[in-house]
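What follows is a set of notes on a single structure, which appears directly below.
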Amino acid sequence: MFRLITGRPGPSGFGSASTAEQVTNDIDGSNLTAIVTGGASGIGLETARVLAMRNVHVIIAARNMEAANEAKQCILKDNKNARVDVDKLDLSSIRSVKTFADNFKTLDLPLNILINNAGIMFCPFQLSEDGVEMQFATNHLGHFYLTNLLLNKMKETAKSSGIEGRIVNLSSVAHICPYKGGIRFQKINKKNSYQNKLAYAQSKLANILHANELSRRLQEEGANITVNSVHPGLIMTPLMRHSALLMRIFRAFTCILWKNVHQGAATTCYVALHPSLKGVTGKYYYDCNEYKPSKLARDEALAKNLWDFSNNLVNASLKT
């Protein structure tokens, strides 16, 4: 907590006050291609901007194409040599995820980095077009399926280039307070017991469990790809549109704990690009330093159950 308040650097040399530009200083990503989901606004846009600044070819995947194109122009305005492309991706729709992945594959581009950044927060109960609770569908299931669809491309890129691939899942410290038991496998779509904050926490727990289980599987294969999860910190972004008043009140009493967008994107960019993390996988980062997540997040059996459950949900959606 002292480091969080003061911004004092941790073992990595960076801390809560570090910005995305600072943690990627002197890194050249000219031989890298990255996909950033939700890269049209908030910390996703800052992540895309800084990656492009480091010469990474960035593909912004976003639901709102108008916002995505505006984000692209914003990046190009300050960096005319930036390599930025955009494509439509609605993570709440399995069909849209499949279309995006198919479109990306037709570009015949390499894929070194996948940043699963997009998300929604504290929204009222609703089901996705595939009949899955919206926060779980958007924050976890869509990213789970997207990652699976792009995994072979990442393996091929890592093998042909000799460059380690990196997958980064954006989680949250909120993962520590989900529903009892962590994931409500049998009640994932129950409206009468839905609580928006617990449902958000459940989805963020799922992000870590997904990263850990995928990391374990890739290590068993010997694939040259790492998978880690991060908590970006408290940042007022469009993610909080369903709870803007509550967050403003909360922020008034906890102002010293909040970050700006430049600081909020730092941990993502650090884990995606920094050479000191070569070979590091299955970890959880906060303020650019490794931390131990909750006991549930470290539950290997829960992670395996979530993997199977997620596969079943995807397969069921594909049949409809």
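How things are named: the first chain in the structure tokens is A, the next is B, and so on; residues count from 1 in each chain; ligands count from 1 in the order shown.
Residues in contact range of Glu213 in chain A, defined as at most 6 Å between only C-alpha atoms, with sequence neighbours fewer than 3 positions away removed, read His210, Arg216 and Ala303 of chain A.
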Where does range 195-224 of chain A meet range 291-298 of chain A within 8 Å, residue by residue, with the nearest atom pair and distance in Å to one decimal for each, counting only C-alpha atoms, listed by chain and rising number, as CSV?
```
residue,atom,partner,partner_atom,distance
A:Leu205,CA,A:Ala297,CA,6.1
A:Ala206,CA,A:Ala297,CA,7.9
A:Ile208,CA,A:Ala297,CA,6.1
A:Leu209,CA,A:Ala297,CA,5.7
A:Asn212,CA,A:Arg298,CA,8.0
```
For those residues, write N, CA and C atoms to a file as a compact mmCIF listing (two decimals), in the first residue's frame.
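Produced file again-v9.txt, reproduced below:
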```txt
# COMPACT_ATOMS: atom_id res chain seq x y z
N LEU A 205 -11.83 -12.83 -12.19
CA LEU A 205 -11.21 -14.06 -11.69
C LEU A 205 -11.01 -15.03 -12.85
N ALA A 206 -12.01 -15.11 -13.72
CA ALA A 206 -11.91 -15.99 -14.89
C ALA A 206 -10.74 -15.61 -15.78
N ILE A 208 -7.81 -14.46 -14.89
CA ILE A 208 -6.58 -15.01 -14.31
C ILE A 208 -6.54 -16.52 -14.45
N LEU A 209 -7.66 -17.17 -14.15
CA LEU A 209 -7.72 -18.63 -14.27
C LEU A 209 -7.44 -19.07 -15.71
N ASN A 212 -3.69 -18.66 -16.42
CA ASN A 212 -2.89 -19.68 -15.73
C ASN A 212 -3.03 -21.05 -16.39
```
* To do: List the neighbours of Met53 in chain A out to 12 Å using only C-alpha atoms; skip same-chain residues closer than 2 positions along the sequence, and give me the result as number ranges by chain.
  => A: 20-22, 24-30, 46-51, 55-58, 75-84, 269
Put those residues in a file: N, CA and C atoms, as an mmCIF file, in the first residue's frame.
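Result went into result_24.cif, see below:
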```
data_model
loop_
_atom_site.group_PDB
_atom_site.id
_atom_site.type_symbol
_atom_site.label_atom_id
_atom_site.label_comp_id
_atom_site.auth_asym_id
_atom_site.auth_seq_id
_atom_site.Cartn_x
_atom_site.Cartn_y
_atom_site.Cartn_z
ATOM 1 N N ALA A 20 3.253 4.205 -19.222
ATOM 2 C CA ALA A 20 3.496 3.217 -20.272
ATOM 3 C C ALA A 20 4.715 3.593 -21.114
ATOM 4 N N GLU A 21 4.889 4.883 -21.352
ATOM 5 C CA GLU A 21 6.068 5.316 -22.108
ATOM 6 C C GLU A 21 7.349 5.034 -21.339
ATOM 7 N N GLN A 22 7.325 5.269 -20.044
ATOM 8 C CA GLN A 22 8.523 5.055 -19.230
ATOM 9 C C GLN A 22 8.929 3.584 -19.175
ATOM 10 N N THR A 24 8.486 1.305 -21.291
ATOM 11 C CA THR A 24 8.888 0.761 -22.593
ATOM 12 C C THR A 24 10.002 1.583 -23.238
ATOM 13 N N ASN A 25 10.595 2.478 -22.481
ATOM 14 C CA ASN A 25 11.646 3.333 -23.010
ATOM 15 C C ASN A 25 12.785 2.515 -23.615
ATOM 16 N N ASP A 26 13.220 2.903 -24.809
ATOM 17 C CA ASP A 26 14.336 2.268 -25.528
ATOM 18 C C ASP A 26 14.020 0.862 -26.068
ATOM 19 N N ILE A 27 12.756 0.450 -25.998
ATOM 20 C CA ILE A 27 12.370 -0.847 -26.572
ATOM 21 C C ILE A 27 11.937 -0.648 -28.017
ATOM 22 N N ASP A 28 12.491 -1.444 -28.918
ATOM 23 C CA ASP A 28 12.132 -1.368 -30.340
ATOM 24 C C ASP A 28 11.305 -2.588 -30.711
ATOM 25 N N GLY A 29 10.043 -2.347 -31.054
ATOM 26 C CA GLY A 29 9.158 -3.448 -31.420
ATOM 27 C C GLY A 29 8.877 -3.506 -32.912
ATOM 28 N N SER A 30 9.805 -3.041 -33.728
ATOM 29 C CA SER A 30 9.571 -2.955 -35.168
ATOM 30 C C SER A 30 9.345 -4.312 -35.825
ATOM 31 N N GLU A 46 -4.402 3.940 -24.965
ATOM 32 C CA GLU A 46 -3.049 4.316 -24.536
ATOM 33 C C GLU A 46 -2.066 3.165 -24.776
ATOM 34 N N THR A 47 -2.509 1.947 -24.558
ATOM 35 C CA THR A 47 -1.674 0.785 -24.846
ATOM 36 C C THR A 47 -1.326 0.729 -26.327
ATOM 37 N N ALA A 48 -2.341 0.892 -27.183
ATOM 38 C CA ALA A 48 -2.117 0.866 -28.628
ATOM 39 C C ALA A 48 -1.186 1.998 -29.052
ATOM 40 N N ARG A 49 -1.378 3.185 -28.476
ATOM 41 C CA ARG A 49 -0.550 4.342 -28.825
ATOM 42 C C ARG A 49 0.922 4.110 -28.481
ATOM 43 N N VAL A 50 1.160 3.594 -27.284
ATOM 44 C CA VAL A 50 2.541 3.400 -26.850
ATOM 45 C C VAL A 50 3.200 2.235 -27.601
ATOM 46 N N LEU A 51 2.457 1.189 -27.874
ATOM 47 C CA LEU A 51 3.020 0.105 -28.677
ATOM 48 C C LEU A 51 3.411 0.617 -30.062
ATOM 49 N N ASN A 55 7.125 1.204 -32.337
ATOM 50 C CA ASN A 55 7.234 0.638 -33.693
ATOM 51 C C ASN A 55 6.551 -0.709 -33.871
ATOM 52 N N VAL A 56 5.703 -1.089 -32.928
ATOM 53 C CA VAL A 56 4.916 -2.316 -33.086
ATOM 54 C C VAL A 56 3.787 -2.056 -34.083
ATOM 55 N N HIS A 57 3.513 -3.039 -34.942
ATOM 56 C CA HIS A 57 2.340 -2.961 -35.816
ATOM 57 C C HIS A 57 1.127 -3.336 -34.973
ATOM 58 N N VAL A 58 0.210 -2.402 -34.784
ATOM 59 C CA VAL A 58 -0.916 -2.583 -33.870
ATOM 60 C C VAL A 58 -2.224 -2.752 -34.637
ATOM 61 N N ILE A 75 -3.685 8.461 -33.060
ATOM 62 C CA ILE A 75 -2.316 7.924 -32.969
ATOM 63 C C ILE A 75 -1.464 8.446 -34.117
ATOM 64 N N LEU A 76 -2.038 8.448 -35.320
ATOM 65 C CA LEU A 76 -1.294 8.892 -36.496
ATOM 66 C C LEU A 76 -0.999 10.389 -36.465
ATOM 67 N N LYS A 77 -1.866 11.146 -35.809
ATOM 68 C CA LYS A 77 -1.654 12.589 -35.719
ATOM 69 C C LYS A 77 -0.344 12.910 -35.010
ATOM 70 N N ASP A 78 -0.038 12.150 -33.970
ATOM 71 C CA ASP A 78 1.183 12.382 -33.202
ATOM 72 C C ASP A 78 2.354 11.533 -33.680
ATOM 73 N N ASN A 79 2.052 10.516 -34.496
ATOM 74 C CA ASN A 79 3.093 9.594 -34.950
ATOM 75 C C ASN A 79 2.748 9.141 -36.364
ATOM 76 N N LYS A 80 3.132 9.953 -37.346
ATOM 77 C CA LYS A 80 2.724 9.702 -38.727
ATOM 78 C C LYS A 80 3.279 8.396 -39.284
ATOM 79 N N ASN A 81 4.302 7.845 -38.655
ATOM 80 C CA ASN A 81 4.887 6.584 -39.118
ATOM 81 C C ASN A 81 4.303 5.361 -38.418
ATOM 82 N N ALA A 82 3.339 5.589 -37.542
ATOM 83 C CA ALA A 82 2.743 4.480 -36.806
ATOM 84 C C ALA A 82 2.059 3.499 -37.751
ATOM 85 N N ARG A 83 2.183 2.238 -37.426
ATOM 86 C CA ARG A 83 1.497 1.185 -38.185
ATOM 87 C C ARG A 83 0.293 0.733 -37.362
ATOM 88 N N VAL A 84 -0.887 1.208 -37.758
ATOM 89 C CA VAL A 84 -2.108 0.924 -37.007
ATOM 90 C C VAL A 84 -3.226 0.529 -37.971
ATOM 91 N N CYS A 269 1.719 -2.675 -20.852
ATOM 92 C CA CYS A 269 2.837 -2.486 -21.782
ATOM 93 C C CYS A 269 4.121 -3.130 -21.251
#
```
Going by DSSP on the backbone, which bits of range 202-316 of chain A are helix (DSSP H, G or I)? Write them as a tab-separated table (two decimals) with N, CA and C atoms, in the first residue's frame, please.
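And here's result00.tsv as it stands now:
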```
chain	number	residue	atom	x	y	z
A	202	GLN	N	-16.31	-12.04	-10.77
A	202	GLN	CA	-16.26	-13.39	-11.31
A	202	GLN	C	-15.56	-13.42	-12.66
A	203	SER	N	-15.89	-12.46	-13.52
A	203	SER	CA	-15.29	-12.42	-14.86
A	203	SER	C	-13.80	-12.10	-14.79
A	204	LYS	N	-13.41	-11.26	-13.82
A	204	LYS	CA	-12.00	-10.91	-13.67
A	204	LYS	C	-11.20	-12.06	-13.05
A	205	LEU	N	-11.83	-12.83	-12.19
A	205	LEU	CA	-11.21	-14.06	-11.69
A	205	LEU	C	-11.01	-15.03	-12.85
A	206	ALA	N	-12.01	-15.11	-13.72
A	206	ALA	CA	-11.91	-15.99	-14.89
A	206	ALA	C	-10.74	-15.61	-15.78
A	207	ASN	N	-10.45	-14.31	-15.90
A	207	ASN	CA	-9.31	-13.87	-16.71
A	207	ASN	C	-7.99	-14.45	-16.21
A	208	ILE	N	-7.81	-14.46	-14.89
A	208	ILE	CA	-6.58	-15.01	-14.31
A	208	ILE	C	-6.54	-16.52	-14.45
A	209	LEU	N	-7.66	-17.17	-14.15
A	209	LEU	CA	-7.72	-18.63	-14.27
A	209	LEU	C	-7.44	-19.07	-15.71
A	210	HIS	N	-7.98	-18.34	-16.67
A	210	HIS	CA	-7.74	-18.63	-18.08
A	210	HIS	C	-6.27	-18.49	-18.41
A	211	ALA	N	-5.66	-17.39	-17.98
A	211	ALA	CA	-4.24	-17.17	-18.25
A	211	ALA	C	-3.38	-18.28	-17.64
A	212	ASN	N	-3.69	-18.66	-16.42
A	212	ASN	CA	-2.89	-19.68	-15.73
A	212	ASN	C	-3.03	-21.05	-16.39
A	213	GLU	N	-4.25	-21.41	-16.77
A	213	GLU	CA	-4.44	-22.73	-17.39
A	213	GLU	C	-3.83	-22.77	-18.79
A	214	LEU	N	-3.97	-21.69	-19.55
A	214	LEU	CA	-3.35	-21.64	-20.87
A	214	LEU	C	-1.84	-21.68	-20.74
A	215	SER	N	-1.30	-20.98	-19.76
A	215	SER	CA	0.14	-21.00	-19.52
A	215	SER	C	0.61	-22.42	-19.24
A	216	ARG	N	-0.12	-23.13	-18.40
A	216	ARG	CA	0.24	-24.52	-18.07
A	216	ARG	C	0.24	-25.40	-19.32
A	217	ARG	N	-0.77	-25.26	-20.15
A	217	ARG	CA	-0.88	-26.08	-21.35
A	217	ARG	C	0.24	-25.77	-22.35
A	218	LEU	N	0.56	-24.49	-22.50
A	218	LEU	CA	1.62	-24.12	-23.44
A	218	LEU	C	2.99	-24.57	-22.94
A	219	GLN	N	3.19	-24.55	-21.64
A	219	GLN	CA	4.44	-25.05	-21.09
A	219	GLN	C	4.59	-26.55	-21.34
A	220	GLU	N	3.49	-27.27	-21.20
A	220	GLU	CA	3.53	-28.71	-21.46
A	220	GLU	C	3.88	-29.00	-22.91
A	221	GLU	N	3.38	-28.15	-23.82
A	221	GLU	CA	3.67	-28.30	-25.24
A	221	GLU	C	5.09	-27.88	-25.60
A	238	PRO	N	-14.10	4.93	-19.82
A	238	PRO	CA	-15.45	4.57	-20.26
A	238	PRO	C	-15.93	3.23	-19.73
A	239	LEU	N	-15.01	2.37	-19.24
A	239	LEU	CA	-15.38	1.10	-18.64
A	239	LEU	C	-16.39	1.31	-17.51
A	240	MET	N	-16.32	2.44	-16.84
A	240	MET	CA	-17.14	2.69	-15.65
A	240	MET	C	-18.43	3.41	-15.97
A	241	ARG	N	-18.86	3.39	-17.22
A	241	ARG	CA	-20.04	4.16	-17.61
A	241	ARG	C	-21.31	3.70	-16.90
A	242	HIS	N	-21.38	2.43	-16.47
A	242	HIS	CA	-22.58	1.94	-15.78
A	242	HIS	C	-22.59	2.30	-14.30
A	243	SER	N	-21.48	2.85	-13.81
A	243	SER	CA	-21.40	3.20	-12.39
A	243	SER	C	-20.65	4.51	-12.20
A	244	ALA	N	-20.84	5.43	-13.12
A	244	ALA	CA	-20.05	6.67	-13.12
A	244	ALA	C	-20.22	7.47	-11.82
A	245	LEU	N	-21.46	7.63	-11.35
A	245	LEU	CA	-21.70	8.40	-10.14
A	245	LEU	C	-21.06	7.73	-8.93
A	246	LEU	N	-21.26	6.43	-8.80
A	246	LEU	CA	-20.67	5.68	-7.70
A	246	LEU	C	-19.15	5.80	-7.70
A	247	MET	N	-18.56	5.70	-8.88
A	247	MET	CA	-17.11	5.76	-8.98
A	247	MET	C	-16.58	7.15	-8.66
A	248	ARG	N	-17.32	8.19	-9.03
A	248	ARG	CA	-16.89	9.55	-8.72
A	248	ARG	C	-16.91	9.80	-7.21
A	249	ILE	N	-17.94	9.28	-6.55
A	249	ILE	CA	-18.02	9.41	-5.10
A	249	ILE	C	-16.88	8.63	-4.45
A	250	PHE	N	-16.66	7.40	-4.92
A	250	PHE	CA	-15.58	6.56	-4.39
A	250	PHE	C	-14.23	7.22	-4.60
A	251	ARG	N	-14.07	7.82	-5.78
A	251	ARG	CA	-12.79	8.46	-6.10
A	251	ARG	C	-12.53	9.66	-5.20
A	252	ALA	N	-13.59	10.36	-4.82
A	252	ALA	CA	-13.42	11.54	-3.97
A	252	ALA	C	-12.80	11.18	-2.62
A	253	PHE	N	-13.08	9.96	-2.16
A	253	PHE	CA	-12.56	9.54	-0.86
A	253	PHE	C	-11.27	8.72	-0.98
A	255	CYS	N	-8.80	9.39	-3.61
A	255	CYS	CA	-8.14	10.04	-4.75
A	255	CYS	C	-6.66	9.67	-4.88
A	256	ILE	N	-5.98	9.43	-3.75
A	256	ILE	CA	-4.54	9.15	-3.83
A	256	ILE	C	-4.25	7.78	-4.42
A	257	LEU	N	-5.28	6.93	-4.56
A	257	LEU	CA	-5.08	5.58	-5.09
A	257	LEU	C	-5.30	5.50	-6.59
A	261	VAL	N	-4.57	7.66	-17.20
A	261	VAL	CA	-4.56	6.63	-18.25
A	261	VAL	C	-3.12	6.22	-18.62
A	262	HIS	N	-2.21	7.17	-18.60
A	262	HIS	CA	-0.81	6.87	-18.95
A	262	HIS	C	-0.19	5.90	-17.95
A	263	GLN	N	-0.55	6.05	-16.69
A	263	GLN	CA	-0.08	5.12	-15.66
A	263	GLN	C	-0.86	3.81	-15.72
A	264	GLY	N	-2.15	3.91	-16.06
A	264	GLY	CA	-2.99	2.72	-16.10
A	264	GLY	C	-2.58	1.71	-17.14
A	266	ALA	N	0.52	1.21	-18.05
A	266	ALA	CA	1.93	0.86	-17.84
A	266	ALA	C	2.15	-0.63	-17.63
A	267	THR	N	1.36	-1.25	-16.76
A	267	THR	CA	1.60	-2.67	-16.45
A	267	THR	C	1.35	-3.54	-17.68
A	268	THR	N	0.32	-3.22	-18.44
A	268	THR	CA	0.05	-3.97	-19.67
A	268	THR	C	1.24	-3.88	-20.62
A	269	CYS	N	1.72	-2.67	-20.85
A	269	CYS	CA	2.84	-2.49	-21.78
A	269	CYS	C	4.12	-3.13	-21.25
A	270	TYR	N	4.31	-3.06	-19.95
A	270	TYR	CA	5.48	-3.69	-19.33
A	270	TYR	C	5.47	-5.20	-19.57
A	271	VAL	N	4.36	-5.83	-19.29
A	271	VAL	CA	4.27	-7.28	-19.44
A	271	VAL	C	4.31	-7.69	-20.91
A	272	ALA	N	3.80	-6.85	-21.79
A	272	ALA	CA	3.79	-7.17	-23.22
A	272	ALA	C	5.14	-7.02	-23.88
A	273	LEU	N	5.96	-6.07	-23.41
A	273	LEU	CA	7.18	-5.72	-24.15
A	273	LEU	C	8.50	-5.85	-23.39
A	275	PRO	N	11.88	-6.74	-21.84
A	275	PRO	CA	12.76	-7.91	-21.99
A	275	PRO	C	13.02	-8.67	-20.70
A	276	SER	N	12.86	-8.02	-19.55
A	276	SER	CA	13.11	-8.70	-18.28
A	276	SER	C	12.10	-9.81	-17.99
A	277	LEU	N	10.98	-9.81	-18.73
A	277	LEU	CA	9.95	-10.83	-18.51
A	277	LEU	C	10.05	-11.99	-19.50
A	296	LEU	N	-8.37	-18.42	-4.81
A	296	LEU	CA	-9.20	-18.96	-5.89
A	296	LEU	C	-8.51	-18.82	-7.25
A	297	ALA	N	-7.82	-17.71	-7.45
A	297	ALA	CA	-7.13	-17.48	-8.72
A	297	ALA	C	-5.98	-18.47	-8.92
A	298	ARG	N	-5.50	-19.05	-7.84
A	298	ARG	CA	-4.39	-20.01	-7.91
A	298	ARG	C	-4.88	-21.46	-7.84
A	300	GLU	N	-5.82	-24.64	-9.33
A	300	GLU	CA	-5.61	-25.30	-10.61
A	300	GLU	C	-6.83	-26.10	-11.04
A	301	ALA	N	-7.51	-26.73	-10.09
A	301	ALA	CA	-8.71	-27.50	-10.44
A	301	ALA	C	-9.81	-26.58	-10.95
A	302	LEU	N	-9.97	-25.43	-10.32
A	302	LEU	CA	-10.97	-24.46	-10.76
A	302	LEU	C	-10.64	-23.96	-12.16
A	303	ALA	N	-9.36	-23.75	-12.43
A	303	ALA	CA	-8.93	-23.28	-13.75
A	303	ALA	C	-9.26	-24.32	-14.83
A	304	LYS	N	-9.02	-25.58	-14.53
A	304	LYS	CA	-9.31	-26.64	-15.49
A	304	LYS	C	-10.81	-26.77	-15.71
A	305	ASN	N	-11.59	-26.65	-14.64
A	305	ASN	CA	-13.04	-26.72	-14.77
A	305	ASN	C	-13.56	-25.55	-15.61
A	306	LEU	N	-13.00	-24.37	-15.40
A	306	LEU	CA	-13.41	-23.20	-16.18
A	306	LEU	C	-13.08	-23.40	-17.65
A	307	TRP	N	-11.92	-23.99	-17.94
A	307	TRP	CA	-11.53	-24.24	-19.32
A	307	TRP	C	-12.56	-25.13	-20.02
A	308	ASP	N	-12.92	-26.22	-19.37
A	308	ASP	CA	-13.90	-27.14	-19.96
A	308	ASP	C	-15.27	-26.49	-20.08
A	309	PHE	N	-15.66	-25.75	-19.06
A	309	PHE	CA	-16.95	-25.06	-19.06
A	309	PHE	C	-17.01	-24.04	-20.20
A	310	SER	N	-15.93	-23.31	-20.39
A	310	SER	CA	-15.87	-22.29	-21.45
A	310	SER	C	-15.93	-22.93	-22.82
A	311	ASN	N	-15.21	-24.02	-23.00
A	311	ASN	CA	-15.27	-24.74	-24.27
A	311	ASN	C	-16.69	-25.20	-24.58
A	312	ASN	N	-17.38	-25.70	-23.56
A	312	ASN	CA	-18.75	-26.18	-23.75
A	312	ASN	C	-19.68	-25.03	-24.14
A	313	LEU	N	-19.50	-23.87	-23.51
A	313	LEU	CA	-20.34	-22.71	-23.84
A	313	LEU	C	-20.09	-22.27	-25.28
A	314	VAL	N	-18.82	-22.23	-25.68
A	314	VAL	CA	-18.48	-21.83	-27.06
A	314	VAL	C	-19.10	-22.82	-28.05
A	315	ASN	N	-18.91	-24.10	-27.80
A	315	ASN	CA	-19.43	-25.12	-28.71
A	315	ASN	C	-20.94	-25.05	-28.83
A	316	ALA	N	-21.60	-24.80	-27.69
A	316	ALA	CA	-23.06	-24.68	-27.71
A	316	ALA	C	-23.49	-23.47	-28.52
```
* Asked: Nearest to Glu133 in chain A: which of A:Lys155, A:Arg8, A:Lys259, A:Lys191 is it, counting only C-alpha atoms?
  ->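 Of all the options, A:Lys191 lies closest to Glu133 in chain A.
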* **Who sits within 12 Å of Ser96 in chain A, only C-alpha atoms, same chain under 2 positions skipped, as a PyMOL selection string** => chain A and resi 61-63+87-94+98-103+128-130+138+142-143+145-146+317-318
Write the residues of the preceding selection, restricted to N, CA and C atoms, as a tab-separated table (two decimals), in the first residue's frame.
```
chain	number	residue	atom	x	y	z
A	61	ALA	N	-8.77	-3.87	-32.15
A	61	ALA	CA	-10.00	-4.64	-32.30
A	61	ALA	C	-11.07	-3.99	-31.43
A	62	ALA	N	-12.15	-3.52	-32.04
A	62	ALA	CA	-13.13	-2.76	-31.27
A	62	ALA	C	-14.54	-2.97	-31.80
A	63	ARG	N	-15.50	-2.86	-30.90
A	63	ARG	CA	-16.91	-3.00	-31.28
A	63	ARG	C	-17.39	-1.79	-32.05
A	87	ASP	N	-10.16	-3.27	-36.86
A	87	ASP	CA	-11.16	-4.22	-37.35
A	87	ASP	C	-12.22	-4.39	-36.28
A	88	LYS	N	-13.40	-4.78	-36.71
A	88	LYS	CA	-14.54	-4.88	-35.80
A	88	LYS	C	-14.48	-6.16	-34.98
A	89	LEU	N	-14.75	-6.02	-33.69
A	89	LEU	CA	-14.80	-7.17	-32.79
A	89	LEU	C	-15.78	-6.88	-31.67
A	90	ASP	N	-16.84	-7.67	-31.62
A	90	ASP	CA	-17.79	-7.61	-30.50
A	90	ASP	C	-17.57	-8.88	-29.68
A	91	LEU	N	-16.92	-8.74	-28.54
A	91	LEU	CA	-16.54	-9.90	-27.75
A	91	LEU	C	-17.72	-10.61	-27.10
A	92	SER	N	-18.88	-9.96	-27.08
A	92	SER	CA	-20.06	-10.62	-26.51
A	92	SER	C	-20.71	-11.57	-27.52
A	93	SER	N	-20.19	-11.58	-28.74
A	93	SER	CA	-20.75	-12.40	-29.81
A	93	SER	C	-19.73	-13.41	-30.31
A	94	ILE	N	-20.01	-14.67	-30.14
A	94	ILE	CA	-19.11	-15.73	-30.63
A	94	ILE	C	-18.96	-15.62	-32.14
A	98	LYS	N	-15.36	-15.04	-34.18
A	98	LYS	CA	-14.93	-15.92	-35.27
A	98	LYS	C	-14.64	-15.12	-36.54
A	99	THR	N	-15.50	-14.16	-36.85
A	99	THR	CA	-15.30	-13.33	-38.04
A	99	THR	C	-14.02	-12.52	-37.94
A	100	PHE	N	-13.78	-11.93	-36.76
A	100	PHE	CA	-12.56	-11.15	-36.57
A	100	PHE	C	-11.32	-12.02	-36.77
A	101	ALA	N	-11.31	-13.18	-36.15
A	101	ALA	CA	-10.15	-14.07	-36.26
A	101	ALA	C	-9.93	-14.51	-37.70
A	102	ASP	N	-11.00	-14.82	-38.40
A	102	ASP	CA	-10.89	-15.22	-39.81
A	102	ASP	C	-10.33	-14.06	-40.65
A	103	ASN	N	-10.83	-12.86	-40.40
A	103	ASN	CA	-10.34	-11.69	-41.13
A	103	ASN	C	-8.86	-11.45	-40.87
A	128	SER	N	-26.06	-12.15	-23.54
A	128	SER	CA	-25.49	-11.90	-24.86
A	128	SER	C	-26.36	-12.56	-25.92
A	129	GLU	N	-26.03	-12.32	-27.17
A	129	GLU	CA	-26.81	-12.96	-28.25
A	129	GLU	C	-26.68	-14.47	-28.21
A	130	ASP	N	-25.65	-14.97	-27.52
A	130	ASP	CA	-25.46	-16.41	-27.37
A	130	ASP	C	-26.07	-16.95	-26.09
A	138	THR	N	-18.49	-11.12	-22.29
A	138	THR	CA	-17.59	-10.12	-22.87
A	138	THR	C	-16.19	-10.18	-22.28
A	142	GLY	N	-15.51	-14.33	-24.64
A	142	GLY	CA	-15.06	-13.83	-25.94
A	142	GLY	C	-13.56	-13.86	-26.07
A	143	HIS	N	-12.85	-13.46	-25.02
A	143	HIS	CA	-11.38	-13.51	-25.05
A	143	HIS	C	-10.86	-14.94	-25.04
A	145	TYR	N	-12.30	-17.54	-26.43
A	145	TYR	CA	-12.47	-18.07	-27.78
A	145	TYR	C	-11.52	-17.39	-28.76
A	146	LEU	N	-11.37	-16.09	-28.65
A	146	LEU	CA	-10.45	-15.35	-29.53
A	146	LEU	C	-9.04	-15.90	-29.39
A	317	SER	N	-22.75	-22.38	-28.40
A	317	SER	CA	-23.08	-21.16	-29.16
A	317	SER	C	-22.88	-21.37	-30.65
A	318	LEU	N	-21.86	-22.11	-31.03
A	318	LEU	CA	-21.57	-22.35	-32.43
A	318	LEU	C	-22.63	-23.22	-33.11
```
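One finds CA of Asn112 in chain A at 6.4 Å from CA of Arg166 in chain A.
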* Write out as a PyMOL selection string the residues lying within 8 Å of Asn117 in chain A, counting only C-alpha atoms and excluding same-chain residues fewer than 3 positions away. => chain A and resi 36-39+44+168-170
